[in-house]
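As structure tokens, the structure follows; a few thoughts come after it.
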Amino acid sequence: MSRDYSFLDHCLIAAQEALTTLCGKPGNADRANPAWPELDESLSSNERSVSVGLMRINHTGEVCAQALYRGQACVAKDEEILAFLKQAEREENDHFLWCHERLDELGAKCSVFNAYWYWHSFFLGIFAGLIGDHWSLGFVVETEKQVADHLRDHQARLPKQDKRSKAIIDQMLIDEEHHGHSAEKLGAKELPDLIKVMMHCHAQVMKAIVYHV
């Protein structure tokens, strides 16, 4: 028998998920890491620094993405939309684990500010969901559009030798664009331009900070 979870239940589950994401030992992804077939070619000190900065941004981006979807799922009313949010969250968790593994390979740490970005995104997800499911999907569409743009930028900025990071980013881009298209098909409402600009500015601040720490 399936159980109907209350808002409080969802919040407690989300708190446990947050602790696992922020403090726990990463588990196994549902899908194989796309970087595995690629050889880990040597990088110069400067090239490694660039790869670390970009992959740290992507890692924090996946922390935010999981939190956003979890917040939205806490208050989603439509079962089809809830199922979409849960599936997207699982795929974002794959991205999170792949990026985490790549940072380990590069001998680097994740951002020290991940806890802030997580809870900021989680409550933003709740806020978006409370406005309404279709507005919540609008946040998904715009978020994934902006994420896709920065992933393309990372594809161009990565050192050519860093084929493992590139393989991860390539698959992430495919998934993020799919999430956005799926949200559109489910009836996402387009966000006002002001909200889009605010989201972009906030993302720029996050990337500028996380690249270094």
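By convention in this document, the chains of the structure tokens carry letters A, B, ... by their order, each chain's residues are numbered from 1, and ligands are numbered from 1 in the order they are shown.
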**Asked** Got a sec: who's within 10 Å of Leu82 (chain A), counting only C-alpha atoms, leaving out chain neighbours fewer than 4 positions off, as an MDAnalysis selection string?
**Response** chainID A and resid 69:70 72:78 86:88 133
With all heavy atoms retained, could you export that selection as a compact mmCIF listing (two decimals), in the first residue's frame?
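Everything below was put into result.txt:
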# COMPACT_ATOMS: atom_id res chain seq x y z
N TYR A 69 14.66 20.76 -7.15
CA TYR A 69 13.65 19.75 -7.48
C TYR A 69 13.02 19.15 -6.22
O TYR A 69 11.82 18.86 -6.19
CB TYR A 69 14.27 18.64 -8.32
CG TYR A 69 14.49 19.03 -9.77
CD1 TYR A 69 15.71 18.79 -10.40
CD2 TYR A 69 13.48 19.63 -10.52
CE1 TYR A 69 15.92 19.15 -11.72
CE2 TYR A 69 13.68 19.99 -11.84
CZ TYR A 69 14.90 19.75 -12.43
OH TYR A 69 15.09 20.10 -13.74
N ARG A 70 13.81 18.98 -5.19
CA ARG A 70 13.27 18.43 -3.94
C ARG A 70 12.29 19.41 -3.31
O ARG A 70 11.25 19.01 -2.78
CB ARG A 70 14.40 18.10 -2.98
CG ARG A 70 15.21 16.88 -3.39
CD ARG A 70 16.49 16.74 -2.59
NE ARG A 70 17.27 15.59 -3.03
CZ ARG A 70 18.52 15.33 -2.64
NH1 ARG A 70 19.13 16.14 -1.79
NH2 ARG A 70 19.14 14.25 -3.10
N GLN A 72 10.53 21.70 -4.90
CA GLN A 72 9.34 21.71 -5.75
C GLN A 72 8.48 20.47 -5.50
O GLN A 72 7.25 20.54 -5.47
CB GLN A 72 9.75 21.78 -7.22
CG GLN A 72 10.33 23.13 -7.62
CD GLN A 72 10.91 23.11 -9.02
OE1 GLN A 72 11.83 22.35 -9.30
NE2 GLN A 72 10.36 23.92 -9.91
N ALA A 73 9.14 19.32 -5.33
CA ALA A 73 8.40 18.07 -5.12
C ALA A 73 7.64 18.07 -3.80
O ALA A 73 6.59 17.42 -3.68
CB ALA A 73 9.36 16.88 -5.17
N CYS A 74 8.14 18.81 -2.81
CA CYS A 74 7.47 18.86 -1.51
C CYS A 74 6.05 19.41 -1.62
O CYS A 74 5.17 19.05 -0.82
CB CYS A 74 8.26 19.74 -0.54
SG CYS A 74 9.69 18.95 0.20
N VAL A 75 5.82 20.29 -2.59
CA VAL A 75 4.53 20.98 -2.67
C VAL A 75 3.81 20.73 -4.00
O VAL A 75 2.75 21.33 -4.24
CB VAL A 75 4.70 22.50 -2.45
CG1 VAL A 75 5.14 22.78 -1.01
CG2 VAL A 75 5.71 23.09 -3.43
N ALA A 76 4.36 19.86 -4.85
CA ALA A 76 3.72 19.57 -6.14
C ALA A 76 2.38 18.89 -5.91
O ALA A 76 2.26 18.00 -5.07
CB ALA A 76 4.62 18.70 -6.99
N LYS A 77 1.37 19.30 -6.66
CA LYS A 77 0.02 18.75 -6.50
C LYS A 77 -0.33 17.74 -7.59
O LYS A 77 -1.07 16.79 -7.35
CB LYS A 77 -1.01 19.88 -6.49
CG LYS A 77 -0.78 20.90 -5.38
CD LYS A 77 -1.75 22.06 -5.48
CE LYS A 77 -1.54 23.06 -4.36
NZ LYS A 77 -0.20 23.69 -4.44
N ASP A 78 0.18 17.95 -8.78
CA ASP A 78 -0.12 17.07 -9.90
C ASP A 78 0.81 15.86 -9.89
O ASP A 78 2.04 16.01 -9.82
CB ASP A 78 0.05 17.85 -11.21
CG ASP A 78 -0.33 17.05 -12.43
OD1 ASP A 78 0.49 16.22 -12.87
OD2 ASP A 78 -1.44 17.24 -12.96
N LYS A 86 10.74 14.02 -9.64
CA LYS A 86 11.50 12.96 -9.00
C LYS A 86 12.50 12.33 -9.96
O LYS A 86 13.65 12.04 -9.59
CB LYS A 86 10.55 11.90 -8.44
CG LYS A 86 9.74 12.35 -7.23
CD LYS A 86 10.64 12.60 -6.03
CE LYS A 86 9.85 12.88 -4.77
NZ LYS A 86 10.75 13.14 -3.61
N GLN A 87 12.07 12.09 -11.21
CA GLN A 87 12.96 11.51 -12.19
C GLN A 87 14.10 12.47 -12.53
O GLN A 87 15.27 12.06 -12.63
CB GLN A 87 12.19 11.16 -13.48
CG GLN A 87 13.06 10.62 -14.61
CD GLN A 87 13.79 9.34 -14.24
OE1 GLN A 87 13.29 8.53 -13.46
NE2 GLN A 87 14.99 9.16 -14.78
N ALA A 88 13.76 13.75 -12.68
CA ALA A 88 14.80 14.74 -12.97
C ALA A 88 15.79 14.83 -11.82
O ALA A 88 17.01 14.96 -12.03
CB ALA A 88 14.16 16.11 -13.22
N ASP A 133 1.91 24.61 -9.90
CA ASP A 133 2.72 23.61 -10.59
C ASP A 133 3.26 24.11 -11.93
O ASP A 133 4.41 23.84 -12.28
CB ASP A 133 1.90 22.33 -10.82
CG ASP A 133 1.81 21.47 -9.57
OD1 ASP A 133 2.62 21.68 -8.65
OD2 ASP A 133 0.94 20.58 -9.53
**Message:** Just want the 8 Å neighbourhood of Phe96 (chain A), counted on only C-alpha atoms, with same-chain residues fewer than 6 positions away dropped. Output as a ChimeraX atom specification.
**Reply:** /A:58-59,62-63
I need the chosen residues saved as a CSV table (one decimal), in the first residue's frame, with N, CA and C atoms.
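Saved result, result.csv, follows:
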chain,number,residue,atom,x,y,z
A,58,ASN,N,30.1,23.1,-11.7
A,58,ASN,CA,29.1,22.1,-12.1
A,58,ASN,C,28.7,21.2,-10.9
A,59,HIS,N,29.6,20.9,-10.0
A,59,HIS,CA,29.2,20.1,-8.8
A,59,HIS,C,28.2,20.9,-8.0
A,62,GLU,N,24.8,21.1,-9.5
A,62,GLU,CA,24.0,19.9,-9.2
A,62,GLU,C,23.5,19.8,-7.8
A,63,VAL,N,24.3,20.3,-6.9
A,63,VAL,CA,23.7,20.5,-5.5
A,63,VAL,C,22.5,21.3,-5.5
Taking only residues of region 147-187 of chain A that have an atom at most 6 Å from an atom of region 31-52 of chain A, what is each one's shortest atom pair and its distance in Å to one decimal, using only C-alpha atoms, in chain and number order, as a Markdown table?
| residue | atom | partner | partner_atom | distance |
| --- | --- | --- | --- | --- |
| A:Pro159 | CA | A:Glu47 | CA | 5.9 |
| A:Gln161 | CA | A:Glu41 | CA | 6.0 |
| A:Arg164 | CA | A:Ala35 | CA | 4.5 |
| A:Ala167 | CA | A:Ala35 | CA | 5.3 |
| A:Ile168 | CA | A:Pro34 | CA | 5.6 |
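The shortest atom-to-atom distance to Leu103 (chain A), with only C-alpha atoms taken into account, belongs to A:Ile57 out of A:Leu19, A:Ile57, A:Ala188, A:Cys64.
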**Asked** Residues at most 10 Å from region 139-146 of chain A, counting only C-alpha atoms, excluding those fewer than 6 positions away in the same chain, as a ChimeraX atom specification?
**Response** /A:65,68-69,72,85,88,124-125,128-129,133,173,175-184,188-191,195-196,199-200,203
What would the file look like if the residues just selected were written as a compact mmCIF listing (two decimals), in the first residue's frame with C-alpha atoms?
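That gives us selection.txt:
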# COMPACT_ATOMS: atom_id res chain seq x y z
CA ALA A 65 19.48 21.36 -8.95
CA LEU A 68 15.42 22.89 -6.28
CA TYR A 69 13.65 19.75 -7.48
CA GLN A 72 9.34 21.71 -5.75
CA LEU A 85 10.44 16.18 -10.71
CA ALA A 88 14.80 14.74 -12.97
CA LEU A 124 13.29 28.66 -3.84
CA GLY A 125 11.84 25.35 -5.06
CA ALA A 128 8.06 28.19 -6.93
CA GLY A 129 5.89 25.18 -6.18
CA ASP A 133 2.72 23.61 -10.59
CA LEU A 173 23.99 19.02 -21.36
CA ASP A 175 20.01 15.66 -19.79
CA GLU A 176 19.46 19.31 -18.88
CA GLU A 177 18.00 20.13 -22.29
CA HIS A 178 15.73 17.10 -21.97
CA HIS A 179 14.49 18.30 -18.57
CA GLY A 180 13.64 21.70 -20.02
CA HIS A 181 11.79 20.23 -23.01
CA SER A 182 9.87 17.83 -20.73
CA ALA A 183 8.78 20.70 -18.47
CA GLU A 184 7.55 22.62 -21.51
CA ALA A 188 5.27 25.25 -18.08
CA LYS A 189 4.41 28.93 -17.96
CA GLU A 190 7.07 31.35 -19.17
CA LEU A 191 8.55 33.43 -16.37
CA ILE A 195 12.69 36.92 -12.87
CA LYS A 196 14.88 35.51 -15.64
CA MET A 199 18.08 34.15 -11.88
CA HIS A 200 20.91 34.88 -14.31
CA ALA A 203 23.89 32.28 -11.07
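The closest residue to Gly187 (chain A), picked from A:Lys207, A:His154, A:Arg56, A:His134 and counting only C-alpha atoms, is A:His134.
Across the structure, CA of Leu130 (chain A) and CA of Leu186 (chain A) are spaced 17.1 Å apart.
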**Request:** Apply DSSP to the backbone of this structure and, from region 13-205 of chain A, keep only the residues in alpha helix (DSSP H); write these as a ChimeraX atom specification.
**Result:** /A:13-22,45-75,79-105,114-131,133-157,163-185,193-205
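Going from CA of Asn28 (chain A) to CA of Arg102 (chain A) covers 13.9 Å.
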